[in-house]
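*Asks:* First the structure, then my questions, so here it is.
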Amino acid sequence: MTASTGRKGARGRIDKRQAILDAAFTVFARRGYSQAGVQEIAELAGVAKPTVYNHLNDKETLFRLAMEAAADAVSADNVASVERLRDPGDDLRAALEDVAYRMLRVCCSERSRALRWLTYAQVTRFPDMIETVQSRTSDRLAEALADRLARLSLAGRLRRCEPAQAAEHLLALLTAPMEARTSLGTRQASAAETRAVAEAAVDTFLRAYGPEEIT
């Protein structure tokens with residue numbers, strides 16, 4: 001076997017594993033843990049049922065890894081949104097509003113809502129899943145946002161502050177109103193509603209943390 005063939009084989013195994021995890025999350029979100037069947041997961045992934053077990057061992061392992069993969073995907077989307085603050089341009093308010101809107105869209109996405117529902121629905125069977133999902137989503141987002149806010153503070157674009165606390169405040173200003181408007185994630189907010197929440201949150205945030213010229 002050549003090195004090229006070996007790399008293609010490894011890539012194929014990784015792609016197949018990811019397809020299984022994606023399919024598993026979809027089926028778990030659709031059926032719940034107890035009613036989800038490995039056969040349905042295999043069919044959705046386009047593989048044979050034994051292949052699922054070869055890659056993921058059993059249903060519990062499949063659920064845990066599917067949840068972790070979904071959490072990592074949500075986290076990646078959020079961190080990508082926050083990277084907009086690496087170069088916010090001259091209009092910091094507009095940049096913050098754009099980032100806030102993007103984060104809210106991620107929070108309200110179908111994957112994010114399914115992830116929250118599954119985490120709480122299976123808390124009795126998987127009590128550690130809350131900490132696992134939180135560490136991979138909200139904690140990572142808070143860390144990335146705190147890093148961006150710290151740099152803005154050092155550059156004089158924001159007042160001197162404790163970055164972790166500032167990030168916590170901004171996220172609270174976003175998530176609390178959004179939960180109310182979406183009835184705890186049971187209804188989809190419109191783009192206009194989401195934009196309004198983002199703008200209001202940033203306005204309040206800048207009143208507390210923005211320099212005089214932009215408050």
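We name chains A, B, ... following the order of the structure tokens; residues begin at 1 in each chain, and ligands are numbered from 1 as shown.
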Tell me, which residues of range 73-205 of chain A carry DSSP alpha helix (DSSP H), written as a PyMOL selection string?
*Replies:* chain A and resi 73-82+92-107+110-121+129-136+138-154+163-181+191-205
*Asks:* Could you state the separation of CA of Val202 in chain A and CA of Ala166 in chain A in Å, given to one decimal place?
*Replies:*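 Atom-to-atom, CA of Val202 in chain A to CA of Ala166 in chain A, that is 11.6 Å.
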*Asks:* Calculated over only C-alpha atoms, which of the candidates A:Ser81, A:Asn57, A:Ser109, A:Ser34 has the smallest distance to Ala189 in chain A?
*Replies:*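 Of all the options, A:Ser109 lies closest to Ala189 in chain A.
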*Asks:* Hey, what's within 8 Å of Ala142 in chain A if we count only C-alpha atoms and toss same-chain stuff fewer than 5 positions away? As a ChimeraX atom specification, please?
*Replies:* /A:164,167-168,171
*Asks:* Could you write out the selected residues, including N, CA, C and O atoms, as a PDB file, in the first residue's frame?
*Replies:*
ATOM      1  N   ALA A 164     -13.300  38.851  31.240  1.00  0.00           N
ATOM      2  CA  ALA A 164     -14.207  37.718  31.444  1.00  0.00           C
ATOM      3  C   ALA A 164     -15.570  38.197  31.931  1.00  0.00           C
ATOM      4  O   ALA A 164     -16.614  37.685  31.504  1.00  0.00           O
ATOM      5  N   ALA A 167     -17.400  39.922  29.007  1.00  0.00           N
ATOM      6  CA  ALA A 167     -17.958  38.917  28.097  1.00  0.00           C
ATOM      7  C   ALA A 167     -19.210  38.289  28.688  1.00  0.00           C
ATOM      8  O   ALA A 167     -20.209  38.090  27.982  1.00  0.00           O
ATOM      9  N   GLU A 168     -19.165  37.995  29.966  1.00  0.00           N
ATOM     10  CA  GLU A 168     -20.327  37.414  30.639  1.00  0.00           C
ATOM     11  C   GLU A 168     -21.524  38.357  30.565  1.00  0.00           C
ATOM     12  O   GLU A 168     -22.661  37.928  30.309  1.00  0.00           O
ATOM     13  N   LEU A 171     -22.950  38.499  26.906  1.00  0.00           N
ATOM     14  CA  LEU A 171     -23.673  37.267  26.576  1.00  0.00           C
ATOM     15  C   LEU A 171     -25.016  37.198  27.305  1.00  0.00           C
ATOM     16  O   LEU A 171     -26.019  36.742  26.737  1.00  0.00           O
TER      17      LEU A 171
END
*Asks:* Using only C-alpha atoms, which residues sit within 10 Å of range 122-139 of chain A once same-chain residues fewer than 6 positions away are excluded, as a list of chain:residue names?
*Replies:*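 Contacts, in chain order: A:Gly32, A:Tyr33, A:Ser34, A:Glu60, A:Phe63, A:Arg64, A:Met67, A:Glu68, A:Ala69, A:Ala70, A:Ala71, A:Asp72, A:Ala73, A:Val74, A:Ser75, A:Ala76, A:Asp77, A:Asn78, A:Val79, A:Cys107, A:Ser112, A:Leu115, A:Arg116, A:Leu145, A:Glu168, A:Leu171.
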*Asks:* Considering only C-alpha atoms, can you say which of A:Ile14, A:Leu62, A:Leu158, A:Ala191 comes closest to Leu96 in chain A?
*Replies:*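 Distance minimum relative to Leu96 in chain A lands on A:Leu158.
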*Asks:* List as a ChimeraX atom specification the protein and nucleic acid residues near range 19-30 of chain A, meaning an atom at most 6 Å away when only C-alpha atoms are counted, but skip any in the same chain fewer than 3 places from it.
*Replies:* /A:16,33,36,41,44-45,66,114
*Asks:* Which residue gives the smallest distance to Ala208 in chain A among A:Arg159, A:Thr186, A:Val82, A:Val106, with only C-alpha atoms counted?
*Replies:*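 Comparing A:Arg159, A:Thr186, A:Val82, A:Val106 against Ala208 in chain A, the winner is A:Arg159.
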*Asks:* Please identify all polymer residues within 10 Å of Asp98 in chain A, counting only C-alpha atoms, omitting same-chain residues fewer than 3 positions from it, and present them as a short mmCIF file (atom, residue, chain, number, x, y, z; two decimals) with all heavy atoms, in the first residue's frame.
*Replies:*
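Contents of the output file part_22.cif:
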data_model
loop_
_atom_site.label_atom_id
_atom_site.label_comp_id
_atom_site.auth_asym_id
_atom_site.auth_seq_id
_atom_site.Cartn_x
_atom_site.Cartn_y
_atom_site.Cartn_z
N SER A 81 -17.70 33.78 14.53
CA SER A 81 -18.42 35.05 14.62
C SER A 81 -17.62 36.07 15.43
O SER A 81 -17.50 37.23 15.04
CB SER A 81 -19.79 34.83 15.28
OG SER A 81 -20.60 33.96 14.53
N VAL A 82 -17.06 35.63 16.53
CA VAL A 82 -16.29 36.52 17.41
C VAL A 82 -15.03 37.03 16.72
O VAL A 82 -14.56 38.14 17.01
CB VAL A 82 -15.95 35.79 18.72
CG1 VAL A 82 -14.98 36.61 19.58
CG2 VAL A 82 -17.23 35.51 19.51
N ARG A 84 -14.70 38.32 14.06
CA ARG A 84 -15.00 39.60 13.40
C ARG A 84 -14.43 40.76 14.20
O ARG A 84 -14.09 41.82 13.64
CB ARG A 84 -16.52 39.74 13.25
CG ARG A 84 -17.03 41.12 12.89
CD ARG A 84 -16.84 41.44 11.43
NE ARG A 84 -17.56 42.64 11.05
CZ ARG A 84 -17.13 43.89 11.24
NH1 ARG A 84 -15.97 44.11 11.84
NH2 ARG A 84 -17.86 44.93 10.86
N LEU A 85 -14.27 40.59 15.50
CA LEU A 85 -13.75 41.66 16.36
C LEU A 85 -12.23 41.76 16.32
O LEU A 85 -11.66 42.66 16.93
CB LEU A 85 -14.21 41.44 17.81
CG LEU A 85 -15.71 41.58 18.06
CD1 LEU A 85 -16.04 41.26 19.51
CD2 LEU A 85 -16.18 42.98 17.69
N PRO A 88 -12.21 45.23 13.93
CA PRO A 88 -13.57 45.77 13.94
C PRO A 88 -13.77 47.00 13.06
O PRO A 88 -14.91 47.41 12.81
CB PRO A 88 -13.79 46.13 15.41
CG PRO A 88 -12.42 46.43 15.92
CD PRO A 88 -11.52 45.47 15.20
N LEU A 92 -16.97 50.66 15.95
CA LEU A 92 -17.00 49.53 16.89
C LEU A 92 -18.42 49.10 17.19
O LEU A 92 -18.69 47.91 17.31
CB LEU A 92 -16.27 49.90 18.18
CG LEU A 92 -16.22 48.80 19.25
CD1 LEU A 92 -15.54 47.55 18.72
CD2 LEU A 92 -15.52 49.30 20.51
N ARG A 93 -19.33 50.05 17.32
CA ARG A 93 -20.72 49.69 17.60
C ARG A 93 -21.27 48.78 16.51
O ARG A 93 -21.88 47.74 16.79
CB ARG A 93 -21.58 50.95 17.72
CG ARG A 93 -23.06 50.64 18.01
CD ARG A 93 -23.89 51.91 18.01
NE ARG A 93 -23.55 52.75 19.14
CZ ARG A 93 -24.10 52.67 20.34
NH1 ARG A 93 -25.05 51.75 20.57
NH2 ARG A 93 -23.75 53.46 21.32
N ALA A 94 -21.04 49.13 15.26
CA ALA A 94 -21.54 48.32 14.15
C ALA A 94 -20.92 46.93 14.17
O ALA A 94 -21.60 45.93 13.89
CB ALA A 94 -21.26 49.02 12.82
N ALA A 95 -19.63 46.86 14.48
CA ALA A 95 -18.95 45.57 14.53
C ALA A 95 -19.52 44.70 15.64
O ALA A 95 -19.76 43.50 15.45
CB ALA A 95 -17.45 45.77 14.73
N TYR A 101 -25.38 39.75 16.51
CA TYR A 101 -26.41 39.17 15.65
C TYR A 101 -25.99 37.77 15.18
O TYR A 101 -26.80 36.82 15.21
CB TYR A 101 -26.65 40.07 14.45
CG TYR A 101 -27.63 39.53 13.44
CD1 TYR A 101 -29.00 39.55 13.70
CD2 TYR A 101 -27.19 38.99 12.24
CE1 TYR A 101 -29.91 39.04 12.77
CE2 TYR A 101 -28.09 38.48 11.31
CZ TYR A 101 -29.45 38.51 11.59
OH TYR A 101 -30.34 38.00 10.67
N ARG A 102 -24.73 37.64 14.77
CA ARG A 102 -24.25 36.35 14.31
C ARG A 102 -24.29 35.30 15.43
O ARG A 102 -24.68 34.14 15.21
CB ARG A 102 -22.82 36.47 13.78
CG ARG A 102 -22.70 37.26 12.47
CD ARG A 102 -21.24 37.56 12.19
NE ARG A 102 -21.07 38.38 11.00
CZ ARG A 102 -20.82 37.91 9.77
NH1 ARG A 102 -20.72 36.60 9.60
NH2 ARG A 102 -20.69 38.72 8.76
N MET A 103 -23.91 35.70 16.64
CA MET A 103 -23.94 34.76 17.76
C MET A 103 -25.37 34.33 18.07
O MET A 103 -25.63 33.16 18.38
CB MET A 103 -23.29 35.37 18.99
CG MET A 103 -21.78 35.52 18.88
SD MET A 103 -20.97 35.96 20.46
CE MET A 103 -21.70 37.57 20.78
N LEU A 104 -26.30 35.26 17.99
CA LEU A 104 -27.69 34.92 18.25
C LEU A 104 -28.23 33.97 17.18
O LEU A 104 -29.02 33.06 17.49
CB LEU A 104 -28.55 36.19 18.29
CG LEU A 104 -28.42 37.04 19.55
CD1 LEU A 104 -29.24 38.32 19.42
CD2 LEU A 104 -28.83 36.27 20.80
N ARG A 195 -32.15 40.95 15.23
CA ARG A 195 -31.36 42.17 15.06
C ARG A 195 -31.67 43.16 16.17
O ARG A 195 -30.76 43.82 16.70
CB ARG A 195 -31.66 42.78 13.70
CG ARG A 195 -30.85 44.02 13.37
CD ARG A 195 -29.42 43.69 13.04
NE ARG A 195 -29.30 42.95 11.81
CZ ARG A 195 -28.13 42.50 11.34
NH1 ARG A 195 -27.01 42.69 12.03
NH2 ARG A 195 -28.08 41.84 10.20
N ALA A 198 -29.91 42.15 19.35
CA ALA A 198 -28.48 42.40 19.23
C ALA A 198 -28.16 43.88 19.43
O ALA A 198 -27.23 44.25 20.16
CB ALA A 198 -27.97 41.93 17.86
N GLU A 199 -28.94 44.74 18.80
CA GLU A 199 -28.69 46.18 18.90
C GLU A 199 -28.93 46.70 20.31
O GLU A 199 -28.15 47.51 20.82
CB GLU A 199 -29.57 46.93 17.89
CG GLU A 199 -29.16 46.67 16.44
CD GLU A 199 -30.11 47.31 15.44
OE1 GLU A 199 -31.13 47.88 15.89
OE2 GLU A 199 -29.84 47.23 14.22
N VAL A 202 -26.01 45.49 22.60
CA VAL A 202 -24.77 46.24 22.37
C VAL A 202 -24.89 47.65 22.91
O VAL A 202 -23.93 48.20 23.48
CB VAL A 202 -24.42 46.24 20.87
CG1 VAL A 202 -23.29 47.23 20.57
CG2 VAL A 202 -24.02 44.84 20.43
#
*Asks:* Between CA of Thr119 in chain A and CA of Thr61 in chain A, measure the distance and give it in Å to one decimal.
*Replies:* 14.9 Å
*Asks:* Kindly indicate which residue among A:Val38, A:Ala155, A:Val197, A:Leu56 lies nearest to Glu179 in chain A, using only C-alpha atoms for the distances.
*Replies:*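 Under the stated criterion, the closest residue is A:Val197.
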*Asks:* Which value, in Å to one decimal, gives the distance between CA of Arg140 in chain A and CA of Asp15 in chain A?
*Replies:*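 Atom-to-atom, CA of Arg140 in chain A and CA of Asp15 in chain A are spaced 25.0 Å apart.
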*Asks:* Quick one: everything within 10 Å of Thr204 in chain A, counting only C-alpha atoms, minus sequence neighbours fewer than 6 positions away in the same chain. Send it as a list in words.
*Replies:*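 In the requested format, the answer is His169, Leu170, Leu173, Gly210 and Thr215 of chain A.
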